[in-house]
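Participant: Below are the structure tokens for one structure; questions will follow.
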Amino acid sequence: MNQRARSFALRGATQDVLLALFVTVMQVQGTLARISADGAARPLTELTGLGLALLVVSGLAVAGRRRWPAAVFATTALASLVYYGLDLPDGPGWLALFVSLYSLTAYGDGRRSLVIAGAGIAVLAAGWLPAAADIKPHAAIGWVFFRIGASVMSAALGESVRSRRVIAAEAQARAEMAERTREEEARARVDAERLRIAREVHDTVAHAIAIINVQSGVTAHVLDKRPEQAREALRAIEQTSSRALREMRAILGVLRDDGDGRVPPAGLDQIGELAAKAREAGLEVTLDAAPPATPLPSAVGGAAYRILQEAITNVIRHAGPTRVTVALTSGIDLLEIRVTDEGRRAASGGLAVDRPSGDGRESPSGQGRGIAGMRERCRLLGGDLDARPTPAGGFEVTARLPFAPSGSRA
């Protein structure tokens with residue numbers, strides 16, 4: 001990139017030098033041709049070559065028009081004032097002035113350059129008009145107005161070019177910003193999808209492993225004494241693992257282009273099956289769920305199912321066989337989920353409490369992600385979640401999911 005910029009600057013400088021030589025030759029040659037064709041009262045070489053020097057200096061100054069546009073304009077304007085103020089022979093001695101005016105506005109900084117150009121043209125007009133008061137023939141004064149008009153047009157043309165260049169640069173910047181925004185949005189969507197899949201995998205695997213762990217413990221305990229009960233436990237393990245595999249295929253199916261092995265996403269219509277699996281794991285589940293007055297949004301139904309699944313998994317993992325009450329209350333614009341258990345049952349029939357403190361940990365080591373995952377699901381829908389021990393020694397999880405989320409809540 002730096003090499004390209006240096007190459008471009010070198011080409012620009014070379015072009016300006018060639019342009020300066022061309023303007024110088026045109027001014028000198030054009031003026032000499034005008035003198036020889038029409039004759040002049042005063043030769044160009046009068047005042048020891050001052051006129052020729054002014055034409056050469058103003059022409060060569062054009063070489064610095066990109067780097068020092070204001071200084072080049074000042075040089076050519078001063079040379080023009082002196083040249084026409086001394087009533088030297090007329091000719092195309094204004095070429096360098098027009099080029100410098102164009103360069104001033106084209107490569108300047110906008111308003112400041114326009115102010116300099118406007119003030120300079122006003123000073124030039126104030127110097128040219130009095131100097132042409134005694135011009136002969138009188139019709140030749142039209143060339144003075146031509147120089148004034150052409151100066152204005154040169155400045156306007158340069159400003160037009162600068163404006164278009166600025167607009168093009170802004171459009172390019174907007175296009176690059178839009179491209180960066182699209183890339184950031186794409187990355188955000190990928191991250192969100194990755195997080196969603198991680199949650200789904202966690203909920204599915206954690207729930208299945210918790211039930212399998214309980215059932216395998218039952219199997220080991222009753223295998224010799226009650227083989228029929230052991231057989232039922234093994235059958236429950238088989239069914240639970242089979243369903244977990246189906247759900248895993250459905251979750252990971254989004255990573256494939258085909259739809260093989262996909263099943264409908266989990267929702268509250270599967271809450272009965274979820275309660276049945278929990279009962280097989282030893283929980284006494286009481287389900288209090290009235291049908292909602294209006295169909296739930298799919299996002300709310302899916303999140304509600306996963307929150308229920310994770311809450312029941314936590315009961316199985318941390319309390320073991322106990323009584324659990326699941327209550328679903330559907331309002332006009334809010335679904336409230338409440339999962340309450342009675343805590344761990346001691347051998348004597350009492351209750352023993354060994355539950356998380358509600359800070360998002362499922363184990364004393366703090367490695368669990370269940371409550372944190374449930375809280376993230378609620379926040380994504382603009383809801384909130386409360387998880388805390390109950391005074392009776394159990395644990396209660398309350399989630400509120402709005403049907404039309406208005407933003408994340410703290």
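Simple scheme: letters A, B, ... for chains in structure tokens order, numbers from 1 for residues in each chain, numbers from 1 for ligands in the order shown.
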Residues within 10 Å of Val123 (chain A), please, as an MDAnalysis selection string. Count only C-alpha atoms; anything in the same chain fewer than 5 positions from it doesn't count.
Facilitator: chainID A and resid 77:78 81 117:118 128
Participant: Go ahead and save the picked residues with N, CA and C atoms, as a PDB file, in the first residue's frame.
Facilitator:
```
ATOM      1  N   ALA A  77      -1.179  34.977  -9.094  1.00  0.00           N
ATOM      2  CA  ALA A  77      -2.017  36.177  -9.006  1.00  0.00           C
ATOM      3  C   ALA A  77      -1.158  37.434  -8.940  1.00  0.00           C
ATOM      4  N   LEU A  78      -0.096  37.391  -8.151  1.00  0.00           N
ATOM      5  CA  LEU A  78       0.793  38.551  -8.065  1.00  0.00           C
ATOM      6  C   LEU A  78       1.469  38.819  -9.401  1.00  0.00           C
ATOM      7  N   LEU A  81      -1.083  40.483 -11.665  1.00  0.00           N
ATOM      8  CA  LEU A  81      -1.326  41.893 -11.319  1.00  0.00           C
ATOM      9  C   LEU A  81      -0.190  42.778 -11.819  1.00  0.00           C
ATOM     10  N   ALA A 117      -9.961  31.967  -2.794  1.00  0.00           N
ATOM     11  CA  ALA A 117     -10.169  32.167  -4.232  1.00  0.00           C
ATOM     12  C   ALA A 117     -11.051  33.377  -4.492  1.00  0.00           C
ATOM     13  N   GLY A 118     -12.134  33.513  -3.732  1.00  0.00           N
ATOM     14  CA  GLY A 118     -13.026  34.659  -3.924  1.00  0.00           C
ATOM     15  C   GLY A 118     -12.336  35.980  -3.647  1.00  0.00           C
ATOM     16  N   TRP A 128      -7.096  44.689 -12.370  1.00  0.00           N
ATOM     17  CA  TRP A 128      -7.172  44.613 -13.823  1.00  0.00           C
ATOM     18  C   TRP A 128      -7.993  45.749 -14.432  1.00  0.00           C
TER      19      TRP A 128
END
```
Participant: In region 293-343 of chain A, what's strand (DSSP E) per DSSP? Answer as an MDAnalysis selection string?
Facilitator: chainID A and resid 323:330 334:341
Participant: Of the candidates A:Gly49, A:Ser100, A:Leu124, A:Gln29, which shows the shortest atom-to-atom distance to Ser80 (chain A), using only C-alpha atoms?
Facilitator: A:Leu124
Participant: Mind giving me the straight-line distance from CA of Gly120 (chain A) to CA of Tyr83 (chain A) in Å, one decimal?
Facilitator: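 That distance, rounded to one decimal, is 15.9 Å.
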Participant: Considering only C-alpha atoms, can you say which of A:Glu184, A:Arg231, A:Phe145, A:Pro92 comes closest to Leu32 (chain A)?
Facilitator: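 Nearest to Leu32 (chain A): A:Pro92.
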Participant: Which polymer residues have any atom within 12 Å of an atom of Ala131 (chain A), counting only C-alpha atoms, with same-chain residues fewer than 4 positions away left out, as a PyMOL selection string?
Facilitator: chain A and resi 80-88+124-127+135-136+141+144
Participant: Take the residues from that selection and put them in a file with C-alpha atoms, as a compact mmCIF listing (two decimals), in the first residue's frame.
Facilitator:
```txt
# COMPACT_ATOMS: atom_id res chain seq x y z
CA SER A 80 -0.72 38.66 -13.24
CA LEU A 81 -1.33 41.89 -11.32
CA VAL A 82 2.20 43.14 -12.04
CA TYR A 83 2.10 42.04 -15.68
CA TYR A 84 -1.20 43.68 -16.58
CA GLY A 85 -0.58 46.61 -14.23
CA LEU A 86 2.53 47.49 -16.27
CA ASP A 87 0.44 47.33 -19.47
CA LEU A 88 2.66 44.69 -20.96
CA LEU A 124 -7.39 40.73 -9.34
CA ALA A 125 -10.52 42.39 -10.75
CA ALA A 126 -9.76 45.55 -8.75
CA GLY A 127 -6.27 45.62 -10.25
CA ILE A 135 -6.77 50.39 -23.33
CA LYS A 136 -6.86 50.83 -27.12
CA ILE A 141 -11.49 45.61 -22.44
CA VAL A 144 -10.44 41.84 -18.91
```
